[in-house]
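One structure below.
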Amino acid sequence: MRRLTLLLLPVCAASLAAPAIAQDLPSAIADALEHAPALAAARAGEDAAAARLDRARAERNPSVAVEGTVGKGRIDPGGFFGLTAANTTPVAAQATAQMPLWAGGRIGAAIDQARGGLGVARGQAEQTRLETVVGAVAAYGEVLTARQIETRFERTQSELAEVERQAALRFKAGEIAMSDLAQARARKAEAEAGLAQARGRRVSAEAAYARLTGKAPGELAPLPAPPPIPASLGEALDRAKASNPMLQQAREGSAIARAAARGARAEGMPSVGVYSEAAHVRDQFFPGYKADSLAVGVRGRWTLWAGGRTAAQTRAGDADVAAADAREREAEQMLEGAVIDAWQGYATATQVAEAAGLRSVAAEEALRSTRLEAQVGAKPTLAVLDAEREATEAEAARIEAESRRLVAAWGLNALSGGVAP
């Protein structure tokens with residue numbers, strides 16, 4: 001047993017020393033999709049719409065109904081047919097089976113409306129999914145951005161504390177003026193304020209990430225490269241018109257309105273169906289009454305005059321179609337504008353990220369050079385402080401620009417149908 005324990009010790013030590021696997025962006029997206037209440041509600045709405053479509057289709061199927069009554073009573077025919085009063089047990093049972101043969105288009109119109117409702121529900125679920133995905137990307141990027149900015153400010157605050165200490169020593173030695181020492185203290189306080197803001201931003205970002213994914217953010221993998229986007233603006237617009245869920249919902253709304261208009265017109269048409277009825281009756285009209293019946297036939301109904309109800313409903317249906325078509329055109333215009341804005345936003349974010357990267361590199365180089373020059377007395381302490389501030393601001397801008405570019409790419413793909421389930 002002791003030998004086994006000694007053999008297992010290196011394995012356990014290796015397991016404890018193994019680094020934790022960092023969360024990556026795909027896992028964060030998966031967690032958000034699994035946790036999002038809005039997406040669960042949208043999917044439940046899709047299931048309900050599918051059930052309504054099945055219900056509409058079921059109107060074409062035959063139906064069977066059974067109805068019955070039983071009771072206790074007394075009948076007094078008043079001597080009619082020589083019958084006297086007596087206690088009775090009235091019983092009645094009826095079974096009816098019927099099936100529509102032709103409903104004037106009512107059932108087809110209802111099915112088309114339900115099918116359009118399912119399309120709208122599916123579009124809503126897909127739109128919610130895309131919004132959740134983009135939200136997860138933004139939350140992931142914000143956590144990384146806030147953490148990196150906080151780390152940068154921590155380093156800056158530490159460095160400025162050392163600058164302040166050296167400035168105090170040089171002031172005591174008479175090498176610098178009181179104004180230089182005051183500037184060093186002011187920049188240190190400025191760095192502490194920036195650090196406090198960075199910490200608050202990081203806490204808020206981590207809380208938002210936890211709300212979205214249902215998990216606290218642990219060690220996060222670095223930001224990945226932006227996903228591929230459409231090759232051109234024209235391609236992005238074509239993809240969006242073909243697959244954008246918001247536009248699909250508007251199109252399904254037009255289809256629903258047309259089906260409703262057909263249903264309104266169908267109310268003025270006759271309906272025909274076959275039926276079969278069987279009945280069993282006892283003690284209904286006089287004591288000892290018996291009757292059993294069976295009937296099979298065709299039943300029709302046609303409202304020849306409805307007082308203008310059908311015509312009014314038809315006019316309302318036509319107006320709803322015109323309104324739905326207008327909403328579809330408006331949705332297409334809004335989508336086109338959103339895609340153009342997203343395309344330009346990604347292009348701008350890319351240029352800003354590249355410029356921010358160049359600025360950060362240049363600011364770091366300027367900071368190194370300024371420190372060396374200050375060490376030999378070629379530049380004052382204030383120049384080092386200014387260079388430190390510029391480097392910190394440049395690095396923070398670079399980190400934020402990289403995150404914005406990633407979110408812009410995902411947002412463009414969400415509009416143009418480039419985010420696969």
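Convention: chains lettered A, B, ... in structure tokens order; per-chain residue numbering from 1; ligands numbered from 1 as shown.
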
Handout entry: Residue neighbourhood range 195-198 of chain A, 8 Å, only C-alpha atoms, exclusion window fewer than 6 positions, as a PyMOL selection string
Key = chain A and resi 146-147+149-150+153-154+157

Could you dump the residues just selected with N, CA and C atoms as a short mmCIF file (atom, residue, chain, number, x, y, z; two decimals), in the first residue's frame?
data_model
loop_
_atom_site.label_atom_id
_atom_site.label_comp_id
_atom_site.auth_asym_id
_atom_site.auth_seq_id
_atom_site.Cartn_x
_atom_site.Cartn_y
_atom_site.Cartn_z
N ALA A 146 -11.34 44.78 -20.46
CA ALA A 146 -11.30 45.39 -19.13
C ALA A 146 -10.15 44.83 -18.31
N ARG A 147 -9.91 43.52 -18.42
CA ARG A 147 -8.82 42.92 -17.65
C ARG A 147 -7.46 43.44 -18.13
N ILE A 149 -6.82 46.26 -19.69
CA ILE A 149 -6.67 47.68 -19.33
C ILE A 149 -6.35 47.81 -17.85
N GLU A 150 -7.00 47.01 -17.01
CA GLU A 150 -6.70 47.05 -15.58
C GLU A 150 -5.25 46.66 -15.33
N PHE A 153 -3.04 49.56 -16.26
CA PHE A 153 -3.06 50.64 -15.28
C PHE A 153 -2.36 50.24 -13.98
N GLU A 154 -2.44 48.98 -13.62
CA GLU A 154 -1.70 48.52 -12.43
C GLU A 154 -0.20 48.71 -12.64
N GLN A 157 0.52 52.46 -12.61
CA GLN A 157 0.47 53.00 -11.26
C GLN A 157 1.72 52.62 -10.47
#

Practice task
Go through range 119-352 of chain A and collect every residue that DSSP, computed from the backbone, puts in helix (DSSP H, G or I); the answer should be as a PyMOL selection string.
Solution key: chain A and resi 119-172+178-213+233-243+245-266+309-352

Applying 10 Å and only C-alpha atoms, which residues near range 373-388 of chain A remain after dropping the ones on its own chain fewer than 3 positions away? List them as a CSV table (one decimal) with all heavy atoms, in the first residue's frame.
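Output file result_22.csv is given in full below:
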chain,number,residue,atom,x,y,z
A,156,THR,N,1.2,50.8,-14.8
A,156,THR,CA,1.5,52.2,-14.8
A,156,THR,C,1.5,52.9,-13.4
A,156,THR,O,2.4,53.7,-13.1
A,156,THR,CB,0.4,52.9,-15.7
A,156,THR,OG1,0.4,52.4,-17.0
A,156,THR,CG2,0.7,54.4,-15.8
A,157,GLN,N,0.5,52.5,-12.6
A,157,GLN,CA,0.5,53.0,-11.3
A,157,GLN,C,1.7,52.6,-10.5
A,157,GLN,O,2.3,53.4,-9.7
A,157,GLN,CB,-0.8,52.5,-10.6
A,157,GLN,CG,-1.1,53.2,-9.3
A,157,GLN,CD,-0.5,52.5,-8.1
A,157,GLN,OE1,0.0,51.4,-8.2
A,157,GLN,NE2,-0.5,53.3,-7.0
A,159,GLU,N,4.7,51.9,-11.7
A,159,GLU,CA,5.8,52.7,-12.3
A,159,GLU,C,5.8,54.1,-11.8
A,159,GLU,O,6.9,54.7,-11.5
A,159,GLU,CB,5.8,52.6,-13.8
A,159,GLU,CG,6.1,51.2,-14.3
A,159,GLU,CD,5.9,51.1,-15.8
A,159,GLU,OE1,5.4,52.1,-16.4
A,159,GLU,OE2,6.3,50.1,-16.4
A,160,LEU,N,4.6,54.7,-11.8
A,160,LEU,CA,4.5,56.1,-11.4
A,160,LEU,C,4.8,56.3,-9.9
A,160,LEU,O,5.3,57.4,-9.5
A,160,LEU,CB,3.2,56.7,-11.8
A,160,LEU,CG,2.9,56.9,-13.3
A,160,LEU,CD1,1.5,57.5,-13.5
A,160,LEU,CD2,4.0,57.9,-13.8
A,163,VAL,N,8.4,56.5,-9.9
A,163,VAL,CA,8.8,57.9,-10.4
A,163,VAL,C,8.6,58.9,-9.3
A,163,VAL,O,9.5,59.8,-9.1
A,163,VAL,CB,8.0,58.2,-11.7
A,163,VAL,CG1,8.2,59.7,-12.0
A,163,VAL,CG2,8.4,57.3,-12.8
A,164,GLU,N,7.5,58.8,-8.6
A,164,GLU,CA,7.3,59.8,-7.5
A,164,GLU,C,8.4,59.6,-6.4
A,164,GLU,O,8.9,60.6,-5.9
A,164,GLU,CB,5.9,59.6,-6.9
A,164,GLU,CG,5.6,60.5,-5.8
A,164,GLU,CD,4.4,60.1,-5.0
A,164,GLU,OE1,4.1,58.9,-5.0
A,164,GLU,OE2,3.8,61.0,-4.3
A,166,GLN,N,11.4,58.5,-6.7
A,166,GLN,CA,12.7,59.1,-7.2
A,166,GLN,C,12.7,60.6,-7.3
A,166,GLN,O,13.7,61.3,-7.0
A,166,GLN,CB,13.0,58.5,-8.6
A,166,GLN,CG,13.3,57.0,-8.5
A,166,GLN,CD,13.7,56.4,-9.9
A,166,GLN,OE1,13.7,57.2,-10.9
A,166,GLN,NE2,13.9,55.1,-10.0
A,167,ALA,N,11.5,61.1,-7.7
A,167,ALA,CA,11.4,62.6,-7.7
A,167,ALA,C,11.5,63.2,-6.4
A,167,ALA,O,12.1,64.3,-6.2
A,167,ALA,CB,10.0,63.0,-8.4
A,176,ILE,N,15.9,68.8,-8.6
A,176,ILE,CA,14.7,69.2,-9.4
A,176,ILE,C,13.9,70.2,-8.5
A,176,ILE,O,14.1,70.3,-7.3
A,176,ILE,CB,13.8,68.1,-9.7
A,176,ILE,CG1,13.3,67.3,-8.5
A,176,ILE,CG2,14.5,67.1,-10.6
A,176,ILE,CD1,12.2,66.3,-8.8
A,179,SER,N,7.9,72.0,-8.4
A,179,SER,CA,6.9,71.8,-9.5
A,179,SER,C,7.0,70.4,-10.1
A,179,SER,O,6.0,69.8,-10.4
A,179,SER,CB,7.0,72.9,-10.5
A,179,SER,OG,8.3,72.9,-11.1
A,180,ASP,N,8.3,69.9,-10.3
A,180,ASP,CA,8.5,68.6,-10.9
A,180,ASP,C,7.9,67.5,-9.9
A,180,ASP,O,7.3,66.5,-10.4
A,180,ASP,CB,9.9,68.3,-11.2
A,180,ASP,CG,10.5,69.2,-12.3
A,180,ASP,OD1,9.6,69.6,-13.1
A,180,ASP,OD2,11.7,69.5,-12.3
A,181,LEU,N,8.2,67.7,-8.6
A,181,LEU,CA,7.7,66.7,-7.7
A,181,LEU,C,6.2,66.7,-7.6
A,181,LEU,O,5.5,65.7,-7.6
A,181,LEU,CB,8.3,67.0,-6.3
A,181,LEU,CG,7.7,66.1,-5.1
A,181,LEU,CD1,8.0,64.7,-5.4
A,181,LEU,CD2,8.4,66.6,-3.8
A,182,ALA,N,5.6,67.9,-7.7
A,182,ALA,CA,4.1,68.0,-7.7
A,182,ALA,C,3.5,67.4,-9.0
A,182,ALA,O,2.5,66.7,-8.9
A,182,ALA,CB,3.7,69.5,-7.6
A,183,GLN,N,4.2,67.5,-10.1
A,183,GLN,CA,3.7,66.9,-11.3
A,183,GLN,C,3.8,65.4,-11.2
A,183,GLN,O,2.9,64.7,-11.6
A,183,GLN,CB,4.6,67.3,-12.5
A,183,GLN,CG,4.3,68.8,-13.0
A,183,GLN,CD,3.0,68.9,-13.7
A,183,GLN,OE1,2.4,67.9,-14.0
A,183,GLN,NE2,2.6,70.1,-14.1
A,184,ALA,N,4.8,64.9,-10.6
A,184,ALA,CA,4.9,63.4,-10.4
A,184,ALA,C,3.8,62.9,-9.5
A,184,ALA,O,3.2,61.8,-9.8
A,184,ALA,CB,6.3,63.1,-9.8
A,186,ALA,N,0.9,64.3,-9.1
A,186,ALA,CA,-0.4,64.5,-9.8
A,186,ALA,C,-0.6,63.3,-10.8
A,186,ALA,O,-1.7,62.8,-10.9
A,186,ALA,CB,-0.4,65.8,-10.5
A,187,ARG,N,0.5,63.0,-11.5
A,187,ARG,CA,0.4,61.9,-12.4
A,187,ARG,C,0.1,60.5,-11.7
A,187,ARG,O,-0.6,59.7,-12.2
A,187,ARG,CB,1.6,61.8,-13.3
A,187,ARG,CG,1.8,63.0,-14.2
A,187,ARG,CD,0.6,63.2,-15.1
A,187,ARG,NE,0.6,64.5,-15.7
A,187,ARG,CZ,1.4,64.8,-16.8
A,187,ARG,NH1,2.2,63.9,-17.3
A,187,ARG,NH2,1.3,66.0,-17.3
A,188,LYS,N,0.7,60.4,-10.6
A,188,LYS,CA,0.5,59.1,-9.8
A,188,LYS,C,-1.0,59.1,-9.4
A,188,LYS,O,-1.7,58.0,-9.5
A,188,LYS,CB,1.4,59.1,-8.6
A,188,LYS,CG,1.1,57.8,-7.7
A,188,LYS,CD,1.8,57.9,-6.4
A,188,LYS,CE,1.4,56.7,-5.5
A,188,LYS,NZ,1.9,56.9,-4.1
A,191,ALA,N,-3.1,58.2,-12.3
A,191,ALA,CA,-3.0,56.7,-12.6
A,191,ALA,C,-3.8,55.9,-11.6
A,191,ALA,O,-4.5,54.9,-12.0
A,191,ALA,CB,-1.5,56.3,-12.5
A,363,ALA,N,4.1,54.6,-29.1
A,363,ALA,CA,4.1,55.2,-27.8
A,363,ALA,C,5.0,54.4,-26.9
A,363,ALA,O,5.7,55.0,-26.0
A,363,ALA,CB,2.7,55.2,-27.3
A,364,GLU,N,5.1,53.1,-27.0
A,364,GLU,CA,6.0,52.3,-26.1
A,364,GLU,C,7.5,52.6,-26.5
A,364,GLU,O,8.3,52.7,-25.6
A,364,GLU,CB,5.7,50.8,-26.4
A,364,GLU,CG,4.4,50.3,-25.7
A,364,GLU,CD,4.5,50.3,-24.2
A,364,GLU,OE1,5.6,50.4,-23.6
A,364,GLU,OE2,3.4,50.3,-23.6
A,365,GLU,N,7.7,52.8,-27.7
A,365,GLU,CA,9.1,53.1,-28.1
A,365,GLU,C,9.5,54.5,-27.6
A,365,GLU,O,10.6,54.7,-27.1
A,365,GLU,CB,9.3,53.1,-29.6
A,365,GLU,CG,10.6,53.4,-30.2
A,365,GLU,CD,11.7,52.4,-29.7
A,365,GLU,OE1,11.3,51.2,-29.4
A,365,GLU,OE2,12.9,52.8,-29.5
A,366,ALA,N,8.5,55.5,-27.7
A,366,ALA,CA,8.8,56.8,-27.2
A,366,ALA,C,9.0,56.8,-25.7
A,366,ALA,O,9.9,57.5,-25.2
A,366,ALA,CB,7.6,57.7,-27.6
A,367,LEU,N,8.3,55.9,-25.0
A,367,LEU,CA,8.4,55.9,-23.5
A,367,LEU,C,9.8,55.3,-23.2
A,367,LEU,O,10.5,55.8,-22.3
A,367,LEU,CB,7.3,55.0,-23.0
A,367,LEU,CG,7.4,54.7,-21.5
A,367,LEU,CD1,7.4,56.0,-20.7
A,367,LEU,CD2,6.3,53.8,-21.0
A,368,ARG,N,10.3,54.3,-23.9
A,368,ARG,CA,11.6,53.7,-23.6
A,368,ARG,C,12.7,54.8,-23.8
A,368,ARG,O,13.6,54.9,-23.0
A,368,ARG,CB,11.8,52.5,-24.4
A,368,ARG,CG,11.1,51.3,-24.0
A,368,ARG,CD,11.6,50.0,-24.7
A,368,ARG,NE,11.2,50.0,-26.1
A,368,ARG,CZ,10.1,49.6,-26.6
A,368,ARG,NH1,9.2,49.0,-25.8
A,368,ARG,NH2,9.9,49.6,-27.9
A,369,SER,N,12.5,55.5,-25.0
A,369,SER,CA,13.6,56.5,-25.3
A,369,SER,C,13.5,57.6,-24.3
A,369,SER,O,14.6,58.1,-23.9
A,369,SER,CB,13.3,57.0,-26.7
A,369,SER,OG,13.4,56.0,-27.7
A,370,THR,N,12.4,58.0,-23.9
A,370,THR,CA,12.3,59.1,-22.9
A,370,THR,C,12.9,58.8,-21.6
A,370,THR,O,13.6,59.6,-20.9
A,370,THR,CB,10.8,59.6,-22.8
A,370,THR,OG1,10.3,59.9,-24.0
A,370,THR,CG2,10.7,60.8,-21.8
A,391,ALA,N,1.6,56.3,-23.5
A,391,ALA,CA,1.7,54.8,-23.7
A,391,ALA,C,0.5,54.1,-23.1
A,391,ALA,O,0.0,53.2,-23.8
A,391,ALA,CB,3.0,54.3,-23.1
A,392,THR,N,0.1,54.5,-22.0
A,392,THR,CA,-1.1,53.8,-21.3
A,392,THR,C,-2.4,54.1,-22.1
A,392,THR,O,-3.1,53.1,-22.4
A,392,THR,CB,-1.3,54.4,-19.9
A,392,THR,OG1,-0.1,54.1,-19.1
A,392,THR,CG2,-2.5,53.7,-19.2
A,393,GLU,N,-2.6,55.3,-22.6
A,393,GLU,CA,-3.8,55.6,-23.4
A,393,GLU,C,-3.7,54.9,-24.7
A,393,GLU,O,-4.7,54.4,-25.2
A,393,GLU,CB,-3.9,57.1,-23.6
A,393,GLU,CG,-4.2,57.9,-22.3
A,393,GLU,CD,-4.2,59.4,-22.5
A,393,GLU,OE1,-3.8,59.8,-23.6
A,393,GLU,OE2,-4.6,60.1,-21.6
A,394,ALA,N,-2.6,54.8,-25.3
A,394,ALA,CA,-2.4,54.1,-26.6
A,394,ALA,C,-2.7,52.7,-26.5
A,394,ALA,O,-3.4,52.1,-27.3
A,394,ALA,CB,-1.0,54.4,-27.2

Problem - range 123-128 of chain A environment, 12 Å, only C-alpha atoms, sequence neighbours closer than 6 positions dropped, as an NGL selection string - result: :A and (32-33 or 36-47 or 49 or 116-117 or 134-135 or 243-253 or 411 or 414-417 or 419-421)

Go ahead and save the residues from that selection, with N, CA, C and O atoms, as a short mmCIF file (atom, residue, chain, number, x, y, z; two decimals), in the first residue's frame.
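This is the output file selection.cif:
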data_model
loop_
_atom_site.label_atom_id
_atom_site.label_comp_id
_atom_site.auth_asym_id
_atom_site.auth_seq_id
_atom_site.Cartn_x
_atom_site.Cartn_y
_atom_site.Cartn_z
N ALA A 32 -23.81 30.79 -23.56
CA ALA A 32 -24.84 31.83 -23.67
C ALA A 32 -26.10 31.30 -24.34
O ALA A 32 -27.22 31.59 -23.92
N LEU A 33 -25.93 30.50 -25.40
CA LEU A 33 -27.09 29.94 -26.09
C LEU A 33 -27.86 28.97 -25.19
O LEU A 33 -29.09 28.90 -25.26
N ALA A 36 -29.58 31.44 -22.19
CA ALA A 36 -30.40 32.62 -22.48
C ALA A 36 -31.90 32.34 -22.29
O ALA A 36 -32.47 31.52 -23.02
N PRO A 37 -32.58 33.01 -21.35
CA PRO A 37 -34.03 32.83 -21.20
C PRO A 37 -34.81 33.29 -22.42
O PRO A 37 -35.83 32.69 -22.77
N ALA A 38 -34.35 34.37 -23.06
CA ALA A 38 -35.06 34.87 -24.24
C ALA A 38 -35.07 33.84 -25.36
O ALA A 38 -36.07 33.68 -26.07
N LEU A 39 -33.96 33.12 -25.52
CA LEU A 39 -33.89 32.10 -26.56
C LEU A 39 -34.79 30.92 -26.20
O LEU A 39 -35.45 30.35 -27.08
N ALA A 40 -34.82 30.54 -24.93
CA ALA A 40 -35.72 29.46 -24.52
C ALA A 40 -37.18 29.84 -24.77
O ALA A 40 -37.98 29.01 -25.22
N ALA A 41 -37.53 31.10 -24.49
CA ALA A 41 -38.89 31.56 -24.74
C ALA A 41 -39.21 31.55 -26.23
O ALA A 41 -40.30 31.16 -26.65
N ALA A 42 -38.25 31.97 -27.06
CA ALA A 42 -38.46 32.00 -28.51
C ALA A 42 -38.64 30.59 -29.05
O ALA A 42 -39.47 30.34 -29.93
N ARG A 43 -37.85 29.64 -28.54
CA ARG A 43 -37.99 28.26 -29.00
C ARG A 43 -39.32 27.66 -28.55
O ARG A 43 -39.94 26.87 -29.28
N ALA A 44 -39.77 28.02 -27.35
CA ALA A 44 -41.09 27.57 -26.90
C ALA A 44 -42.19 28.15 -27.80
O ALA A 44 -43.17 27.47 -28.13
N GLY A 45 -42.02 29.41 -28.20
CA GLY A 45 -42.97 30.01 -29.12
C GLY A 45 -42.98 29.30 -30.46
O GLY A 45 -44.04 29.15 -31.10
N GLU A 46 -41.82 28.85 -30.92
CA GLU A 46 -41.74 28.08 -32.16
C GLU A 46 -42.49 26.75 -32.03
O GLU A 46 -43.21 26.33 -32.94
N ASP A 47 -42.33 26.08 -30.88
CA ASP A 47 -43.06 24.83 -30.65
C ASP A 47 -44.57 25.07 -30.64
O ASP A 47 -45.34 24.25 -31.18
N ALA A 49 -46.17 27.47 -32.20
CA ALA A 49 -46.60 27.75 -33.57
C ALA A 49 -46.70 26.47 -34.39
O ALA A 49 -47.61 26.31 -35.21
N GLY A 116 -47.58 30.47 -41.83
CA GLY A 116 -46.89 31.76 -41.73
C GLY A 116 -46.52 32.09 -40.30
O GLY A 116 -45.45 32.63 -40.02
N GLY A 117 -47.42 31.76 -39.35
CA GLY A 117 -47.10 31.98 -37.94
C GLY A 117 -45.89 31.18 -37.50
O GLY A 117 -45.06 31.67 -36.71
N VAL A 134 -23.99 37.45 -30.79
CA VAL A 134 -23.26 38.71 -30.85
C VAL A 134 -23.07 39.27 -29.44
O VAL A 134 -22.01 39.82 -29.11
N GLY A 135 -24.09 39.13 -28.59
CA GLY A 135 -23.94 39.58 -27.21
C GLY A 135 -22.86 38.82 -26.47
O GLY A 135 -22.11 39.41 -25.67
N SER A 243 -31.47 35.54 -46.28
CA SER A 243 -31.53 34.74 -45.06
C SER A 243 -31.73 35.53 -43.78
O SER A 243 -31.79 34.93 -42.71
N ASN A 244 -31.81 36.85 -43.83
CA ASN A 244 -31.95 37.60 -42.58
C ASN A 244 -33.29 37.28 -41.91
O ASN A 244 -34.34 37.38 -42.55
N PRO A 245 -33.29 36.91 -40.64
CA PRO A 245 -34.55 36.49 -39.99
C PRO A 245 -35.55 37.63 -39.83
O PRO A 245 -36.76 37.38 -39.86
N MET A 246 -35.11 38.86 -39.64
CA MET A 246 -36.06 39.96 -39.51
C MET A 246 -36.83 40.15 -40.81
O MET A 246 -38.04 40.37 -40.80
N LEU A 247 -36.11 40.08 -41.96
CA LEU A 247 -36.79 40.22 -43.24
C LEU A 247 -37.69 39.01 -43.49
O LEU A 247 -38.79 39.16 -44.05
N GLN A 248 -37.26 37.84 -43.09
CA GLN A 248 -38.09 36.65 -43.25
C GLN A 248 -39.39 36.78 -42.46
O GLN A 248 -40.47 36.37 -42.93
N GLN A 249 -39.31 37.35 -41.28
CA GLN A 249 -40.53 37.56 -40.48
C GLN A 249 -41.48 38.52 -41.19
O GLN A 249 -42.71 38.30 -41.19
N ALA A 250 -40.95 39.57 -41.80
CA ALA A 250 -41.80 40.51 -42.53
C ALA A 250 -42.47 39.82 -43.72
O ALA A 250 -43.65 40.06 -44.01
N ARG A 251 -41.72 38.98 -44.41
CA ARG A 251 -42.29 38.25 -45.55
C ARG A 251 -43.37 37.28 -45.10
O ARG A 251 -44.41 37.14 -45.76
N GLU A 252 -43.12 36.60 -43.99
CA GLU A 252 -44.14 35.70 -43.48
C GLU A 252 -45.37 36.48 -43.03
O GLU A 252 -46.50 35.99 -43.15
N GLY A 253 -45.17 37.70 -42.52
CA GLY A 253 -46.32 38.53 -42.16
C GLY A 253 -47.19 38.85 -43.36
O GLY A 253 -48.43 38.85 -43.27
N GLY A 411 -21.24 41.05 -35.87
CA GLY A 411 -22.50 41.74 -36.12
C GLY A 411 -22.83 41.77 -37.60
O GLY A 411 -23.99 41.58 -38.00
N ALA A 414 -23.97 38.38 -38.59
CA ALA A 414 -25.31 38.09 -38.09
C ALA A 414 -26.39 38.70 -39.00
O ALA A 414 -27.44 38.09 -39.24
N LEU A 415 -26.13 39.88 -39.52
CA LEU A 415 -27.09 40.50 -40.45
C LEU A 415 -27.14 39.79 -41.78
O LEU A 415 -28.20 39.69 -42.40
N SER A 416 -26.00 39.29 -42.24
CA SER A 416 -25.92 38.71 -43.58
C SER A 416 -25.98 37.20 -43.60
O SER A 416 -25.65 36.56 -44.60
N GLY A 417 -26.40 36.58 -42.49
CA GLY A 417 -26.59 35.14 -42.49
C GLY A 417 -25.30 34.35 -42.43
O GLY A 417 -25.26 33.22 -42.93
N VAL A 419 -23.64 33.45 -39.58
CA VAL A 419 -23.43 32.83 -38.28
C VAL A 419 -24.19 31.51 -38.27
O VAL A 419 -25.42 31.49 -38.11
N ALA A 420 -23.51 30.42 -38.48
CA ALA A 420 -24.15 29.12 -38.59
C ALA A 420 -24.69 28.67 -37.24
O ALA A 420 -24.13 29.03 -36.20
N PRO A 421 -25.76 27.88 -37.23
CA PRO A 421 -26.27 27.35 -35.96
C PRO A 421 -25.24 26.47 -35.29
O PRO A 421 -24.44 25.82 -35.94
#

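Using only C-alpha atoms for every distance, the candidate list A:Ile29, A:Pro224, A:Ile256, A:Gln313 yields A:Ile29 as the residue closest to Arg129 in chain A.
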
Practice task
Identify, on the basis of only C-alpha atoms, every residue whose closest approach to Ala322 in chain A does not exceed 12 Å; exclude the query and any residue fewer than 2 positions from it along the same chain; express the result as a count of residues only.
Solution key: 19

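Of the listed residues (A:Gln333, A:Thr314, A:Thr303, A:Thr151), A:Thr314 comes nearest to Ala264 in chain A; the distances count only C-alpha atoms.
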
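Here CA of Thr310 in chain A and CA of Ala103 in chain A stand 15.3 Å from one another.
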
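For the set A:Gln351, A:Ile399, A:Lys241, A:Pro100, the residue with the smallest atom-to-atom gap to Leu335 in chain A is A:Lys241, counting only C-alpha atoms.
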
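Nearest to Gly218 in chain A of all the residues A:Ala356, A:Ala28, A:Ile75, A:Ala138 is A:Ala28, counting only C-alpha atoms.
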
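Atom pair CA of Arg239 in chain A / CA of Thr213 in chain A has a distance of 28.9 Å (rounded to one decimal).
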
Practice task
Please provide as a PyMOL selection string all residues within 10 Å of range 341-344 of chain A, with the sequence filter that same-chain residues fewer than 6 positions apart are discarded (counting only C-alpha atoms).
Solution key: chain A and resi 229-230+232-233+236-237+335+350+408-416

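Distances here use only C-alpha atoms; by that measure, the residue among A:Glu219, A:Lys72, A:Leu25, A:Val66 closest to Arg282 in chain A is A:Lys72.
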
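CA of Leu304 in chain A lies 16.6 Å from CA of Gly105 in chain A.
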